[in-house]
Amino acid sequence: MWHRPADVFHRLARALVAHRAHGWLRPGGFLALCWSTGPWAGPRNWQRALDGILRRWQNSLGASGRVPAGWDEARKQEPDHDVLSRAGFEPAGHHEFFVEHHWTIPELAGYIRSTSFLPPPVLADHANDFDTGLAAVLGSFAPDGRLTETVGYAYELTRKPAAL
């Protein structure tokens, strides 16, 4: 499962952003939408445990609505490549690749804080409890102190046509 298409494009007024980006770019310029999978979306036991931890914390802190329900419906009805095409971009390539990544639990906690799921203002005074709970649950999956995942990366490359 791909997470965060274009990492932010899906949360913006895509048609407006695409139109403005087209205006900013010089003829022949490129625009890339880049994204990756999230560590909670993988098949490994620790990833399923992490997904459960995140859901419990989001629910307990009243933050489960931070990612709007149905956020991906607009993208299904009007895919990014259609939005970009209407703005004047032409397809220039798509690429996916996978990289093995090793997390420490503190690195993973920091990464989670950088997302919209549980950023510092949401965790607030509960940050230490979150870190302690995360270490308690995930520590059993990391006897060497590392959690391994295969991160999927992808990009959709588009181009503003060159001037004639």
# chains A, B, ... in the order shown; residues from 1 in each chain; ligands from 1

$ residues_around --residues "A:Leu147" --least-positions-apart "5" --cutoff "6 Å" --atoms "only C-alpha atoms" --output "PDB file with N, CA, C and O atoms, in the first residue's frame"
ATOM      1  N   HIS A 102      16.499   0.298   8.062  1.00  0.00           N
ATOM      2  CA  HIS A 102      16.565  -0.149   9.455  1.00  0.00           C
ATOM      3  C   HIS A 102      16.260   1.034  10.364  1.00  0.00           C
ATOM      4  O   HIS A 102      16.892   2.085  10.251  1.00  0.00           O
ATOM      5  N   TRP A 103      15.274   0.854  11.231  1.00  0.00           N
ATOM      6  CA  TRP A 103      14.879   1.881  12.186  1.00  0.00           C
ATOM      7  C   TRP A 103      15.362   1.495  13.574  1.00  0.00           C
ATOM      8  O   TRP A 103      15.325   0.329  13.946  1.00  0.00           O
ATOM      9  N   ALA A 142      12.668  -6.187  18.155  1.00  0.00           N
ATOM     10  CA  ALA A 142      13.976  -5.635  17.793  1.00  0.00           C
ATOM     11  C   ALA A 142      15.044  -6.058  18.790  1.00  0.00           C
ATOM     12  O   ALA A 142      15.592  -5.223  19.507  1.00  0.00           O
TER      13      ALA A 142
END

$ select_by_dssp --residues "chain A" --states "strand (DSSP E)" --output "PyMOL selection string"
chain A and resi 30-36+90-103+147-159

$ residues_around --residues "A:Val8" --least-positions-apart "6" --cutoff "10 Å" --atoms "only C-alpha atoms" --output "list in words"
Arg14, Leu33, Cys34 and Trp35 of chain A

$ atom_distance --atom1 "atom CA of A:Thr150" --atom2 "atom CA of A:Leu108"
14.2 Å

$ select_by_dssp --residues "chain A" --states "helix (DSSP H, G or I)" --output "ChimeraX atom specification"
/A:9-11,14-24,39-41,45-60,64-66,73-77,80-86,105-113,120-141

$ residues_around --residues "A:Ser60" --least-positions-apart "5" --cutoff "12 Å" --atoms "only C-alpha atoms" --output "PyMOL selection string"
chain A and resi 53-55+65+118+122-123+126+130

$ closest_residue --among "A:Asp131, A:Arg44, A:Val99, A:Ala32" --to "A:Tyr111" --atoms "only C-alpha atoms"
A:Asp131

$ residues_around --residues "A:Arg159" --least-positions-apart "4" --cutoff "8 Å" --atoms "only C-alpha atoms" --output "list in words"
Gly28, Gly29, Phe30, Leu31, Phe89, Glu90, Pro91 and Ala92 of chain A

$ atom_distance --atom1 "atom CA of A:Ser114" --atom2 "atom CA of A:His101"
17.4 Å

$ closest_residue --among "A:His94, A:Gly145, A:Glu78, A:Ala162" --to "A:Glu107" --atoms "only C-alpha atoms"
A:Gly145

$ closest_residue --among "A:Pro121, A:Pro43, A:Gly38, A:Gly52" --to "A:Leu138" --atoms "only C-alpha atoms"
A:Gly52

$ decode --residues "stretch 62-101 of chain A" --atoms "N, CA and C atoms" --output "PDB file, in the first residue's frame"
ATOM      1  N   GLY A  62      -8.023  11.750  20.609  1.00  0.00           N
ATOM      2  CA  GLY A  62      -9.015  12.427  19.771  1.00  0.00           C
ATOM      3  C   GLY A  62      -8.440  12.924  18.459  1.00  0.00           C
ATOM      4  N   ALA A  63      -7.437  12.221  17.963  1.00  0.00           N
ATOM      5  CA  ALA A  63      -6.751  12.663  16.743  1.00  0.00           C
ATOM      6  C   ALA A  63      -7.015  11.743  15.562  1.00  0.00           C
ATOM      7  N   SER A  64      -7.990  10.875  15.682  1.00  0.00           N
ATOM      8  CA  SER A  64      -8.221   9.919  14.588  1.00  0.00           C
ATOM      9  C   SER A  64      -8.757  10.613  13.336  1.00  0.00           C
ATOM     10  N   GLY A  65      -9.308  11.802  13.453  1.00  0.00           N
ATOM     11  CA  GLY A  65      -9.834  12.516  12.302  1.00  0.00           C
ATOM     12  C   GLY A  65      -8.835  13.435  11.631  1.00  0.00           C
ATOM     13  N   ARG A  66      -7.573  13.359  12.024  1.00  0.00           N
ATOM     14  CA  ARG A  66      -6.570  14.251  11.429  1.00  0.00           C
ATOM     15  C   ARG A  66      -6.357  13.956   9.952  1.00  0.00           C
ATOM     16  N   VAL A  67      -6.537  12.700   9.569  1.00  0.00           N
ATOM     17  CA  VAL A  67      -6.499  12.340   8.157  1.00  0.00           C
ATOM     18  C   VAL A  67      -7.954  12.134   7.765  1.00  0.00           C
ATOM     19  N   PRO A  68      -8.510  13.036   6.984  1.00  0.00           N
ATOM     20  CA  PRO A  68      -9.946  12.986   6.698  1.00  0.00           C
ATOM     21  C   PRO A  68     -10.378  11.666   6.065  1.00  0.00           C
ATOM     22  N   ALA A  69     -11.514  11.165   6.512  1.00  0.00           N
ATOM     23  CA  ALA A  69     -12.072   9.956   5.917  1.00  0.00           C
ATOM     24  C   ALA A  69     -12.332  10.217   4.446  1.00  0.00           C
ATOM     25  N   GLY A  70     -12.031   9.238   3.628  1.00  0.00           N
ATOM     26  CA  GLY A  70     -12.281   9.364   2.202  1.00  0.00           C
ATOM     27  C   GLY A  70     -11.327  10.285   1.472  1.00  0.00           C
ATOM     28  N   TRP A  71     -10.180  10.607   2.090  1.00  0.00           N
ATOM     29  CA  TRP A  71      -9.239  11.527   1.462  1.00  0.00           C
ATOM     30  C   TRP A  71      -8.805  11.050   0.084  1.00  0.00           C
ATOM     31  N   ASP A  72      -8.823   9.749  -0.125  1.00  0.00           N
ATOM     32  CA  ASP A  72      -8.344   9.211  -1.392  1.00  0.00           C
ATOM     33  C   ASP A  72      -9.438   9.110  -2.461  1.00  0.00           C
ATOM     34  N   GLU A  73     -10.681   9.397  -2.085  1.00  0.00           N
ATOM     35  CA  GLU A  73     -11.790   9.273  -3.033  1.00  0.00           C
ATOM     36  C   GLU A  73     -11.651  10.256  -4.197  1.00  0.00           C
ATOM     37  N   ALA A  74     -11.266  11.479  -3.913  1.00  0.00           N
ATOM     38  CA  ALA A  74     -11.090  12.476  -4.981  1.00  0.00           C
ATOM     39  C   ALA A  74     -10.009  12.020  -5.957  1.00  0.00           C
ATOM     40  N   ARG A  75      -8.973  11.386  -5.453  1.00  0.00           N
ATOM     41  CA  ARG A  75      -7.898  10.909  -6.318  1.00  0.00           C
ATOM     42  C   ARG A  75      -8.343   9.723  -7.162  1.00  0.00           C
ATOM     43  N   LYS A  76      -9.261   8.922  -6.638  1.00  0.00           N
ATOM     44  CA  LYS A  76      -9.790   7.810  -7.437  1.00  0.00           C
ATOM     45  C   LYS A  76     -10.666   8.343  -8.565  1.00  0.00           C
ATOM     46  N   GLN A  77     -11.470   9.340  -8.246  1.00  0.00           N
ATOM     47  CA  GLN A  77     -12.371   9.920  -9.251  1.00  0.00           C
ATOM     48  C   GLN A  77     -11.606  10.761 -10.278  1.00  0.00           C
ATOM     49  N   GLU A  78     -10.559  11.402  -9.824  1.00  0.00           N
ATOM     50  CA  GLU A  78      -9.762  12.262 -10.698  1.00  0.00           C
ATOM     51  C   GLU A  78      -8.283  12.053 -10.350  1.00  0.00           C
ATOM     52  N   PRO A  79      -7.648  11.060 -10.979  1.00  0.00           N
ATOM     53  CA  PRO A  79      -6.247  10.756 -10.658  1.00  0.00           C
ATOM     54  C   PRO A  79      -5.320  11.951 -10.870  1.00  0.00           C
ATOM     55  N   ASP A  80      -4.220  11.929 -10.144  1.00  0.00           N
ATOM     56  CA  ASP A  80      -3.246  13.018 -10.226  1.00  0.00           C
ATOM     57  C   ASP A  80      -2.818  13.287 -11.660  1.00  0.00           C
ATOM     58  N   HIS A  81      -2.576  12.222 -12.442  1.00  0.00           N
ATOM     59  CA  HIS A  81      -2.100  12.440 -13.815  1.00  0.00           C
ATOM     60  C   HIS A  81      -3.141  13.192 -14.651  1.00  0.00           C
ATOM     61  N   ASP A  82      -4.439  13.012 -14.371  1.00  0.00           N
ATOM     62  CA  ASP A  82      -5.474  13.772 -15.078  1.00  0.00           C
ATOM     63  C   ASP A  82      -5.435  15.249 -14.678  1.00  0.00           C
ATOM     64  N   VAL A  83      -5.267  15.496 -13.387  1.00  0.00           N
ATOM     65  CA  VAL A  83      -5.183  16.880 -12.891  1.00  0.00           C
ATOM     66  C   VAL A  83      -3.993  17.582 -13.533  1.00  0.00           C
ATOM     67  N   LEU A  84      -2.853  16.907 -13.563  1.00  0.00           N
ATOM     68  CA  LEU A  84      -1.648  17.505 -14.134  1.00  0.00           C
ATOM     69  C   LEU A  84      -1.779  17.708 -15.643  1.00  0.00           C
ATOM     70  N   SER A  85      -2.395  16.765 -16.311  1.00  0.00           N
ATOM     71  CA  SER A  85      -2.602  16.878 -17.756  1.00  0.00           C
ATOM     72  C   SER A  85      -3.477  18.083 -18.090  1.00  0.00           C
ATOM     73  N   ARG A  86      -4.552  18.268 -17.337  1.00  0.00           N
ATOM     74  CA  ARG A  86      -5.443  19.421 -17.571  1.00  0.00           C
ATOM     75  C   ARG A  86      -4.731  20.747 -17.331  1.00  0.00           C
ATOM     76  N   ALA A  87      -3.725  20.723 -16.463  1.00  0.00           N
ATOM     77  CA  ALA A  87      -2.961  21.943 -16.191  1.00  0.00           C
ATOM     78  C   ALA A  87      -1.916  22.209 -17.276  1.00  0.00           C
ATOM     79  N   GLY A  88      -1.753  21.257 -18.198  1.00  0.00           N
ATOM     80  CA  GLY A  88      -0.817  21.470 -19.303  1.00  0.00           C
ATOM     81  C   GLY A  88       0.431  20.617 -19.249  1.00  0.00           C
ATOM     82  N   PHE A  89       0.562  19.749 -18.246  1.00  0.00           N
ATOM     83  CA  PHE A  89       1.740  18.889 -18.145  1.00  0.00           C
ATOM     84  C   PHE A  89       1.570  17.653 -19.023  1.00  0.00           C
ATOM     85  N   GLU A  90       2.697  17.125 -19.473  1.00  0.00           N
ATOM     86  CA  GLU A  90       2.679  15.865 -20.209  1.00  0.00           C
ATOM     87  C   GLU A  90       3.449  14.818 -19.409  1.00  0.00           C
ATOM     88  N   PRO A  91       3.035  13.568 -19.482  1.00  0.00           N
ATOM     89  CA  PRO A  91       3.736  12.516 -18.729  1.00  0.00           C
ATOM     90  C   PRO A  91       5.192  12.418 -19.180  1.00  0.00           C
ATOM     91  N   ALA A  92       6.085  12.184 -18.231  1.00  0.00           N
ATOM     92  CA  ALA A  92       7.506  12.055 -18.552  1.00  0.00           C
ATOM     93  C   ALA A  92       8.130  10.843 -17.884  1.00  0.00           C
ATOM     94  N   GLY A  93       7.331  10.060 -17.173  1.00  0.00           N
ATOM     95  CA  GLY A  93       7.876   8.842 -16.581  1.00  0.00           C
ATOM     96  C   GLY A  93       7.300   8.537 -15.221  1.00  0.00           C
ATOM     97  N   HIS A  94       7.403   7.285 -14.880  1.00  0.00           N
ATOM     98  CA  HIS A  94       6.973   6.790 -13.571  1.00  0.00           C
ATOM     99  C   HIS A  94       7.994   5.740 -13.166  1.00  0.00           C
ATOM    100  N   HIS A  95       8.389   5.788 -11.917  1.00  0.00           N
ATOM    101  CA  HIS A  95       9.364   4.807 -11.454  1.00  0.00           C
ATOM    102  C   HIS A  95       9.065   4.424 -10.015  1.00  0.00           C
ATOM    103  N   GLU A  96       9.212   3.157  -9.712  1.00  0.00           N
ATOM    104  CA  GLU A  96       9.074   2.633  -8.351  1.00  0.00           C
ATOM    105  C   GLU A  96      10.335   1.849  -8.017  1.00  0.00           C
ATOM    106  N   PHE A  97      10.752   1.942  -6.775  1.00  0.00           N
ATOM    107  CA  PHE A  97      11.882   1.143  -6.330  1.00  0.00           C
ATOM    108  C   PHE A  97      11.742   0.884  -4.838  1.00  0.00           C
ATOM    109  N   PHE A  98      12.478  -0.104  -4.350  1.00  0.00           N
ATOM    110  CA  PHE A  98      12.359  -0.552  -2.976  1.00  0.00           C
ATOM    111  C   PHE A  98      13.738  -0.587  -2.335  1.00  0.00           C
ATOM    112  N   VAL A  99      13.786  -0.158  -1.073  1.00  0.00           N
ATOM    113  CA  VAL A  99      15.043  -0.082  -0.341  1.00  0.00           C
ATOM    114  C   VAL A  99      14.825  -0.644   1.055  1.00  0.00           C
ATOM    115  N   GLU A 100      15.737  -1.480   1.494  1.00  0.00           N
ATOM    116  CA  GLU A 100      15.656  -1.968   2.869  1.00  0.00           C
ATOM    117  C   GLU A 100      16.108  -0.852   3.801  1.00  0.00           C
ATOM    118  N   HIS A 101      15.326  -0.646   4.855  1.00  0.00           N
ATOM    119  CA  HIS A 101      15.642   0.421   5.815  1.00  0.00           C
ATOM    120  C   HIS A 101      15.595  -0.161   7.223  1.00  0.00           C
TER     121      HIS A 101
END
